[in-house]
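Data first, discussion second: the structure below is written as structure tokens.
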Amino acid sequence: MATPKRKLTTAKAISEAISQEMEADENVFVMGEDIAKLGGVFGTTTGLLDKFGPERVRDTPISETAFIGAAVGAAAAGMRPIVELMFVDFFGVCMDAIYNLAAKNCYFSGGNQPIPMVLMTSVGGGYGDAGQHSQCLYGTFAHLPGMKVVVPSNAYDAKGLMHTAVADDNPVIFMLHKNLQGMGWLGTVKNSIVDVPRETYGVPFGEAAIVREGKDITLVGLGVTVHMALDAAEALAKEGVEAEVVDLRTLVPLDRDTVFNSVSKTGRLLVIDDDYISYGVSGEIISSVAEQDSSIFKTSPQRIAFPDIPIPFTRPMEQFALPNKDKIFNAVKEMMKD
Amino acid sequence: MATPKRKLTTAKAISEAISQEMEADENVFVMGEDIAKLGGVFGTTTGLLDKFGPERVRDTPISETAFIGAAVGAAAAGMRPIVELMFVDFFGVCMDAIYNLAAKNCYFSGGNQPIPMVLMTSVGGGYGDAGQHSQCLYGTFAHLPGMKVVVPSNAYDAKGLMHTAVADDNPVIFMLHKNLQGMGWLGTVKNSIVDVPRETYGVPFGEAAIVREGKDITLVGLGVTVHMALDAAEALAKEGVEAEVVDLRTLVPLDRDTVFNSVSKTGRLLVIDDDYISYGVSGEIISSVAEQDSSIFKTSPQRIAFPDIPIPFTRPMEQFALPNKDKIFNAVKEMMKD
Amino acid sequence: MQADAKKQSWMYENMFKSRYYEECMEAAYLEGKQPVFNMANGPVPGEMHLSNGQEPCAVGVCAHLDADDAVFATHRPHHIAIAKGVDLKAMTAEIFGKKTGLSGGRGGHMHLFDTKVNFACSGIIAEGMGPAAGVALARKLRNEPGVAVAFIGEGAANQGGFHETMNLAAVWKLPFVCIIEDNAWGISVAKTDATAVPRNDVRAAAYGIPGEYVEGNDPLAIYDAAERAINRARAGEGPSLIEIETYRLAGHFMGDAEAYRPEGEKDGLLAKDPIPAFRKHLLDSGVINEAALKNIEGAMHAEVDEAFEFARAAAEPEPAEALEKVFA
Amino acid sequence: MQADAKKQSWMYENMFKSRYYEECMEAAYLEGKQPVFNMANGPVPGEMHLSNGQEPCAVGVCAHLDADDAVFATHRPHHIAIAKGVDLKAMTAEIFGKKTGLSGGRGGHMHLFDTKVNFACSGIIAEGMGPAAGVALARKLRNEPGVAVAFIGEGAANQGGFHETMNLAAVWKLPFVCIIEDNAWGISVAKTDATAVPRNDVRAAAYGIPGEYVEGNDPLAIYDAAERAINRARAGEGPSLIEIETYRLAGHFMGDAEAYRPEGEKDGLLAKDPIPAFRKHLLDSGVINEAALKNIEGAMHAEVDEAFEFARAAAEPEPAEALEKVFA
Ligand SMILES: Cc1ncc(C[n+]2csc(CCOP(=O)(O)OP(=O)(O)O)c2C)c(N)n1
Ligand SMILES: Cc1ncc(C[n+]2csc(CCOP(=O)(O)OP(=O)(O)O)c2C)c(N)n1
Ligand SMILES: [Mg+2]
Ligand SMILES: [Mg+2]
């Protein structure tokens with residue numbers, strides 16, 4: 001008998017995945033600010049306190065250096081912590097524990113001390129939360145070695161990637177976009193709410209998904225920009241342009257092959273990223289293709305990303321700066337001229 | 001009467017520039033760990049304590065969040081602090097003060113509160129100092145908006161860029177490569193020790209230098225990799241390959257035009273970076289050219305950079321991972337086949 | 001020294017103004033967010049942290065400060081901004097994201113900068129500590145008058161930057177005061193679950209400086225304690241630490257269901273609302289009479305209403321202005 | 001409790017071993033770096049922080065620890081690693097960057113990991129605090145025996161991570177002990193110029209936990225204080241803080257000219273070298289006789305020599321091994 005399908009938000013999918021991992025292995029525990037009684041500011045730990053109690057679902061002081069450092073120690077000592085950094089924007093107070101400890105101890109110890117931990121964090125803007133609460137910082141994390149970086153675009157992937165993350169013996173930075181999480185108090189991109197199996201399953205790291213096939217141009221996105229790309233692709237289809245849309249899903253490891261193969265087919269590449277444009281994801285994707293074979297480009301590869309400015313508070317400015325469907329649509333039309 | 005020429009190391013050029021700035025403006029002061037009696041672990045503040053006393057040349061506790069945050073406040077209150085982060089690798093304990101305060105307060109205040117400060121830091125490895133004392137992290141700083149990022153390759157540029165940095169009303173991250181500083185206890189690339197005028201002068205931000213002209217290929221480097229590129233170019237010249245070498249000098253602002261124009265001429269681009277390869281400088285340079293016009297490439301643009309691994313301690317491994325003249329030479333030979 | 005009648009009435013005025021400001025802000029914030037609450041909608045998007053109940057901290061401290069003195073506030077800044085004399089129209093326009101806002105709409109509610117009165121705030125916990133110490137250092141190096149005050153929440157006293165800055169300020173004997181607003185909560189986490197000591201004033205011992213705890217959310221007691229600390233700072237004797245018992249009468253931010261609060265806590269706090277209490281004290285002690293209070297209240301209503309009208313009427317910035325002011 | 005004869009002789013043994021180890025290391029480090037000192041040259045490149053003079057801290061604490069107990073040391077780790085029982089051959093091979101090193105040469109002197117005895121260290125100030133608390137938390141959650149000890153320098157007590165972790169450990173009552181080695185210097189900066197209080201034990205009050213200061217760099221006094229703290233941790237009563245007066249008898253790192261030291265300070269410290277002092281105490285108190293000491297010393301010489309020979313003879317790793325072990 002098939003279980004009836006049910007659609008979940010990303011936040012619900014994540015909290016379900018965590019719950020299942022905690023049931024399966026008592027070494028899995030969660031800590032972070034407001035993750036217990038409140039269930040996480042973005043709802044990713046809702047219900048866990050009631051199920052697992054305050055020892056395994058631990059609210060922390062506002063001491064990111066200490067508790068993320070503690071996650072590293074706990075992981076080294078046999079636990080599998082899932083730790084939440086409420087907004088990615090706060091990385092500046094605790095990056096040492098992340099990039100110099102969690103990400104390097106496996107290497108420093110010659111592989112003797114892996115650090116199986118998941119650092120879960122919320123990213124992205126678009127709702128007027130200004131420059132210290134709206135960043136993505138994908139590039140910041142993906143640039144530094146020793147940690148895997150995951151950016152799901154929908155609830156199905158989110159659950160599967162979380163299971164993979166908890167099973168992974170390495171630090172995994174799990175970046176959840178606020179526009180996709182499904183909190184009541186924030187708008188949620190509808191298409192991120194999808195059918196999610198009840199049982200556990202893994203979505204592998206390092207495999208980008210072709211979420212729409214097309215022959216004319218490759219649109220590469222991650223997290224929320226995948227949805228913008230899909231919306232644009234739909235509009236473009238009405239004008240006879242068939243865009244292929246690639247959802248990167250993980251930045252480390254990065255599936256360069258899927259991107260390259262798609263661009264080999266279409267000859268055109270447009271990367272869409274809501275992180276800052278320079279020295280980030282968009283540059284890496286374009287040069288990954290170019291260095292492999294720059295002769296495949298029918299037209300110069302392009303990118304739409306957040307300009308190199310702090311994220312402005314006021315709606316007109318923020319919306320101006322963010323990528324969106326129309327920008328993609330127009331850029332593609334331009335690129336199709338060649 | 002012409003003043004006799006004199007060659008200076010980068011460290012001496014920097015301490016001279018700072019000294020001249022402090023003489024010219026009493027709002028300029030220096031703080032950081034071991035910058036007073038010790039004169040800076042890398043010698044960039046040598047002699048300043050004796051000249052200016054402990055009020056203006058302040059040793060700090062090992063409290064980077066506090067003293068870099070204090071630099072932000074002091075800058076807002078009319079001072080022009082030069083603050084040292086001893087090794088760039090330590091950014092993880094204080095990045096918030098740098099990227100969320102120093103870099104954003106001008107914007108957040110609508111331009112009413114510029115933060116004229118220089119954050120001086122030492123980067124790079126190659127001398128066996130392992131994974132927490134050998135990083136470059138160029139990409140990390142250049143990716144985040146609101147700060148200028150400077151990477152001099154020789155003493156002349158270092159002094160001129162430091163004068164420009166102190167005069168700038170914005171936060172400037174001044175990244176000095178340890179292989180170039182000229183400390184007695186570290187090897188120094190000879191060609192970084194050059195004639196340096198005694199008087200003050202500015203080297204402008206956002207102007208890359210063509211440090212060698214050539215028609216066959218463009219080698220783009222920064223800091224120490226400029227010297228590797230020059231060495232390779234010399235060897236290549238003997239084989240009839242004329243490489244043009246571009247020294248980026250500043251990453252923010254980035255002189256995309258000079259790079260593009262050079263590649264337009266040569267049709268070939270090789271970027272050399274000792275920072276981590278993915279999501280960093282090398283990707284940004286390649287895609288900056290590709291997005292402007294990917295048809296100018298005679299062969300796929302390539303990069304030589306530090307692999308995505310923590311920096312290993314042991315010499316064979318570290319040297320294996322670092323860029324060097326031979327890697328550049330061989331890559332160019334390969335690229336010239338097309 | 002006991003606050004004189006003028007100061008007391010100034011304090012009431014600013015408490016009242018602040019509360020009425022938050023009431024207007026609450027209403028404005030909810031516009032466009034009902035019936036379905038979505039933070040992205042309405043004239044004031046994003047997070048909104050109201051300061052209801054914490055007004056005594058702001059007025060008790062700022063009563064001793066001039067425009068020269070610098071104040072760094074937190075993500076919950078309105079009461080402090082008001083007591084520090086931030087331009088109310090420009091501040092409100094900023095929170096509405098308008099062109100005439102303090103920063104032309106770039107900053108919003110958590111990033112209010114008014115350089116004329118040396119006020120700033122920010123959204124990262126304990127982030128104002130270092131900059132406040134830096135202003136104090138600048139004042140010292142430039143031989144200028146003025147002290148710097150950092151306000152933080154009790155939750156922020158567990159953040160590394162708090163410790164580093166207290167030590168730095170103490171080692172350098174800076175004219176600096178740290179005010180901890182102890183509202184017993186850091187979002188949903190109770191102080192007792194986050195902080196190893198019941199009161200943060202004991203942490204002053206870690207820096208060899210005076211520490212005080214002020215009970216009862218009482219503006220006059222706060223005034224006294226702040227006076228000691230600020231006088232000490234002005235006299236060049238170094239920093240001090242004051243923790244103030246205060247009440248968070250609203251959610252952490254708007255939209256917070258507050259299910260984590262123990263049954264009855266909120267009602268108990270509302271019954272101790274410092275504004276009616278202080279009003280009663282002023283009347284009972286004869287510092288000011290009912291008519292004069294009414295006058296003040298009317299004037300404050302008018303001033304706040306005017307600020308909101310100004311903000312609403314103001315023009316939106318051009319979208320492309322987003323690209324300006326990144327660099328000076 | 002006073003250390004018994006066996007413990008005392010164990011302590012002497014490890015102090016002696018550690019010092020002799022550093023002497024051998026010093027010689028090895030200088031190979032290839034003379035006449036012109038260049039950190040990049042010789043069999044042991046990079047920075048080298050010797051622990052000469054600080055041996056009492058390591059042995060006084062580690063005398064109470066088993067392999068189950070975790071220790072996190074700093075950039076100056078050798079004495080602590082030795083007292084914790086780290087595999088001496090593999091450690092030395094690591095410092096020489098060899099294939100048989102603890103981490104195959106990837107870590108070097110500041111990144112020694114011996115999981116068998118739960119030892120780790122790192123190069124960032126106060127960085128071991130969080131991980132140590134995390135091991136303590138794991139022990140508690142898993143109901144396993146074992147405490148965690150973080151060693152830091154007195155300079156590190158001004159780093160944010162120190163404060164955050166002390167509070168976290170105290171709030172969670174973790175089996176955790178923080179040991180501060182007060183050698184009076186953080187590179188060239190004197191404790192008095194960096195720390196607002198003369199002694200960091202007073203900072204324990206900020207976390208509501210016991211704090212002790214141990215004077216005189218005396219292994220037996222350290223042993224006593226550590227016993228109290230570790231017993232408390234084992235008993236589930238929570239963390240403690242101990243600061244130990246110790247002496248840095250060498251430069252901060254090798255190559256340090258130490259011009260910042262006041263005239264005569266170094267000679268004064270050398271005169272108080274804890275190893276001859278403890279040796280004399282052992283003889284005077286009759287705990288052990290000259291012949292037995294000679295025996296120990298001989299055995300330690302042999303063990304250290306063997307470790308260095310092992311390290312020198314070991315093979316270099318293949319360059320391409322650099323790409324391995326980034327991920328598990
Ligand atoms: C470094 C950092 N961590 C976490 C947060 C998220 N956050 C915002 S307000 C808050 C609670 C602050 O509590 P407290 O300091 O007591 O101030 P209150 O909100 O009670 O005024 C938290 C955790 C943040 N902004 N910055
Ligand atoms: C976060 C950070 N800041 C600065 C340094 C550079 N540094 C290395 S050792 C040291 C001094 C440490 O002093 P202390 O903690 O007293 O230890 P000691 O060297 O005296 O053993 C400094 C500043 C660092 N490694 N990490
Ligand atoms: Mg609070
Ligand atoms: Mg020390």
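We label chains A, B, ... in the order they appear in the structure tokens, count residues from 1 in each chain, and number ligands from 1 in the order shown.
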Counting only C-alpha atoms and all ligand atoms, name the residues that have an atom within 10 Å of an atom of ligand 3; the answer should be given as a list in words.
->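 After applying the 10 Å limit, what remains is Arg76, Ile152, Gly153, Glu154, Gly155, Ala156, Ala157, Ile180, Glu181, Asp182, Asn183, Ala184, Trp185, Gly186, Ile187, Ser188, Val189, Ala190, Lys191, Glu245, Thr246, Tyr247, Arg248 and His252 of chain C.
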Per-residue nearest contacts of chain A to chain C (8 Å; only C-alpha atoms) as a Markdown table:
```
| residue | atom | partner | partner_atom | distance |
| --- | --- | --- | --- | --- |
| A:Glu33 | CA | C:Val189 | CA | 7.7 |
| A:Asp34 | CA | C:Ser188 | CA | 5.8 |
| A:Lys37 | CA | C:Tyr260 | CA | 6.1 |
| A:Leu38 | CA | C:Ser188 | CA | 6.3 |
| A:Asp59 | CA | C:Val189 | CA | 7.0 |
| A:Thr60 | CA | C:Ala194 | CA | 6.4 |
| A:Pro61 | CA | C:Ala194 | CA | 4.4 |
| A:Ile62 | CA | C:Gln159 | CA | 5.9 |
| A:Ser63 | CA | C:Gln159 | CA | 5.0 |
| A:Glu64 | CA | C:Gln159 | CA | 7.7 |
| A:Thr65 | CA | C:Gly160 | CA | 7.7 |
| A:Phe90 | CA | C:Ile124 | CA | 7.0 |
| A:Gly126 | CA | C:Ala40 | CA | 7.3 |
| A:Tyr127 | CA | C:Ala40 | CA | 4.0 |
| A:Gly128 | CA | C:Gly46 | CA | 4.3 |
| A:Asp129 | CA | C:Gly46 | CA | 4.1 |
| A:Ala130 | CA | C:Gly107 | CA | 6.4 |
| A:Gly131 | CA | C:Gly107 | CA | 7.3 |
| A:Gln132 | CA | C:Gly123 | CA | 6.3 |
| A:His133 | CA | C:Gly123 | CA | 7.8 |
| A:Gly184 | CA | C:Asn38 | CA | 7.1 |
| A:Trp185 | CA | C:Asn38 | CA | 4.5 |
| A:Leu186 | CA | C:Asn38 | CA | 4.9 |
| A:Gly187 | CA | C:Asn38 | CA | 6.1 |
| A:Ile309 | CA | C:Val326 | CA | 6.1 |
| A:Pro310 | CA | C:Val326 | CA | 7.2 |
| A:Ile311 | CA | C:Arg106 | CA | 7.9 |
| A:Pro312 | CA | C:Arg106 | CA | 4.5 |
| A:Phe313 | CA | C:Arg106 | CA | 4.9 |
| A:Thr314 | CA | C:Gly97 | CA | 4.5 |
| A:Arg315 | CA | C:Gly97 | CA | 7.2 |
| A:Pro316 | CA | C:Pro319 | CA | 4.9 |
| A:Met317 | CA | C:Pro319 | CA | 4.3 |
| A:Glu318 | CA | C:Ala322 | CA | 7.3 |
| A:Gln319 | CA | C:Pro319 | CA | 7.8 |
| A:Phe320 | CA | C:Pro319 | CA | 5.6 |
| A:Ala321 | CA | C:Ala322 | CA | 7.2 |
```
Could you turn the residues from that selection into a file that holds C-alpha atoms, as a compact mmCIF listing (two decimals), in the first residue's frame?
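Ended up saving to out_25.txt:
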```txt
# COMPACT_ATOMS: atom_id res chain seq x y z
CA GLU A 33 20.27 29.62 19.99
CA ASP A 34 16.52 29.29 20.43
CA LYS A 37 11.53 25.79 23.30
CA LEU A 38 11.24 28.06 20.28
CA ASP A 59 19.59 26.01 23.80
CA THR A 60 22.90 27.81 24.05
CA PRO A 61 24.02 31.16 25.34
CA ILE A 62 24.76 33.74 22.63
CA SER A 63 28.30 32.39 22.44
CA GLU A 64 28.85 31.07 18.94
CA THR A 65 32.59 30.63 19.35
CA PHE A 90 26.79 36.00 12.28
CA GLY A 126 14.32 39.96 0.16
CA TYR A 127 12.16 40.71 3.19
CA GLY A 128 13.71 43.95 4.36
CA ASP A 129 15.98 42.67 7.10
CA ALA A 130 18.94 44.82 6.02
CA GLY A 131 22.64 44.27 5.73
CA GLN A 132 23.41 42.12 8.75
CA HIS A 133 20.53 39.69 8.37
CA GLY A 184 4.53 31.36 8.52
CA TRP A 185 5.97 34.80 9.04
CA LEU A 186 8.08 34.89 5.89
CA GLY A 187 6.92 34.51 2.33
CA ILE A 309 27.16 46.42 -1.91
CA PRO A 310 25.88 45.77 1.58
CA ILE A 311 22.28 44.66 1.45
CA PRO A 312 20.11 47.74 1.68
CA PHE A 313 17.12 47.82 3.97
CA THR A 314 14.60 49.73 1.94
CA ARG A 315 12.46 47.71 -0.43
CA PRO A 316 13.12 49.64 -3.66
CA MET A 317 16.86 49.34 -3.22
CA GLU A 318 16.88 45.73 -2.06
CA GLN A 319 14.61 44.56 -4.84
CA PHE A 320 16.69 46.50 -7.33
CA ALA A 321 19.79 44.63 -6.22
```
Select residues of chain C: the criterion is any atom within 10 Å of an atom of chain D, counting only C-alpha atoms; output as a ChimeraX atom specification.
-> /C:157-173,192-209
For chain B, which of A:Gly78, A:Pro323, A:Gly146, A:Gly69 is the closest residue, counting only C-alpha atoms?
->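 The closest residue to chain B is A:Gly146.
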Find the residues around Thr225 (chain B) up to 7 Å (only C-alpha atoms counted), leave out those fewer than 3 positions away in its own chain, and share them as a list in words.
->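 Residues meeting the cut-off are Gly221, Leu222, Met228, Ala229, Ile272, Asp273 and Asp274 of chain B.
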With C-alpha atoms retained, could you export that selection as a tab-separated table (two decimals), in the first residue's frame?
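Written out: out36.tsv:
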```tsv
chain	number	residue	atom	x	y	z
B	221	GLY	CA	49.35	37.40	-10.48
B	222	LEU	CA	49.24	39.21	-7.19
B	228	MET	CA	56.86	33.57	-9.98
B	229	ALA	CA	55.20	34.75	-13.17
B	272	ILE	CA	48.42	32.41	-10.66
B	273	ASP	CA	47.22	32.66	-7.07
B	274	ASP	CA	48.50	31.16	-3.84
```
Within region 56-233 of chain A, find each residue whose DSSP state, derived from the backbone, is helix (DSSP H, G or I), and express the selection as a PyMOL selection string.
-> chain A and resi 56+64-76+88-93+95-102+105-108+138-143+155-167+190-192+224-233
As number ranges by chain, please: all residues of region 74-195 of chain C that backbone DSSP puts in strand (DSSP E).
-> C: 119-121, 148-153, 176-182, 185-186, 189-190
Val71 (chain D): which residues within 7 Å, counting only C-alpha atoms, same-chain residues fewer than 5 positions away excluded, as a PyMOL selection string?
-> chain D and resi 118-120+148-150
Nearest residue to ligand 2 from the set A:Asp308, A:Asp25, A:Asp96, A:Glu244 (distances using only C-alpha atoms and all ligand atoms) =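 Using only C-alpha atoms and all ligand atoms, the shortest distance to ligand 2 belongs to A:Asp96.
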Using only C-alpha atoms and all ligand atoms, which of D:Ala27, D:Ile244, D:Cys62, D:Val117 sits nearest ligand 2?
->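 Checking each of D:Ala27, D:Ile244, D:Cys62, D:Val117 against ligand 2, counting only C-alpha atoms and all ligand atoms, the winner is D:Ile244.
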Exercise: Asn191 (chain A) partners within 12 Å, only C-alpha atoms, chain neighbours under 6 positions left out, as JSON, numbers by chain = {"A": [7, 8, 9, 10, 153, 154, 155, 156, 179, 180, 181, 182, 211, 223, 224, 225, 226, 227, 228, 230, 231]}
Using only C-alpha atoms, please write the residues we just selected to a file, as a short mmCIF file (atom, residue, chain, number, x, y, z; two decimals), in the first residue's frame.
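Once written, again_4.cif looks like this:
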```cif
data_model
loop_
_atom_site.label_atom_id
_atom_site.label_comp_id
_atom_site.auth_asym_id
_atom_site.auth_seq_id
_atom_site.Cartn_x
_atom_site.Cartn_y
_atom_site.Cartn_z
CA LYS A 7 3.88 18.20 0.71
CA LEU A 8 6.27 19.65 3.27
CA THR A 9 8.01 22.94 3.69
CA THR A 10 11.78 22.85 3.86
CA SER A 153 16.29 24.52 -3.22
CA ASN A 154 13.27 22.48 -2.09
CA ALA A 155 11.96 20.35 0.73
CA TYR A 156 12.70 17.01 -0.93
CA ASN A 179 12.58 32.41 1.15
CA LEU A 180 12.31 28.65 0.99
CA GLN A 181 11.96 27.59 4.58
CA GLY A 182 8.24 27.89 4.90
CA VAL A 211 15.59 20.56 -12.98
CA GLY A 223 18.75 27.77 -3.46
CA VAL A 224 16.16 30.41 -4.26
CA THR A 225 17.67 31.42 -7.59
CA VAL A 226 16.77 28.02 -9.00
CA HIS A 227 13.13 29.04 -8.72
CA MET A 228 13.76 32.37 -10.37
CA LEU A 230 12.62 28.10 -13.55
CA ASP A 231 10.11 30.93 -13.67
#
```
So, counting only C-alpha atoms, which residue among A:Tyr279, A:Tyr138, A:Phe306, A:Phe29 is closest to chain B?
->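 Once distances to chain B are computed over only C-alpha atoms, the minimum belongs to A:Tyr279.
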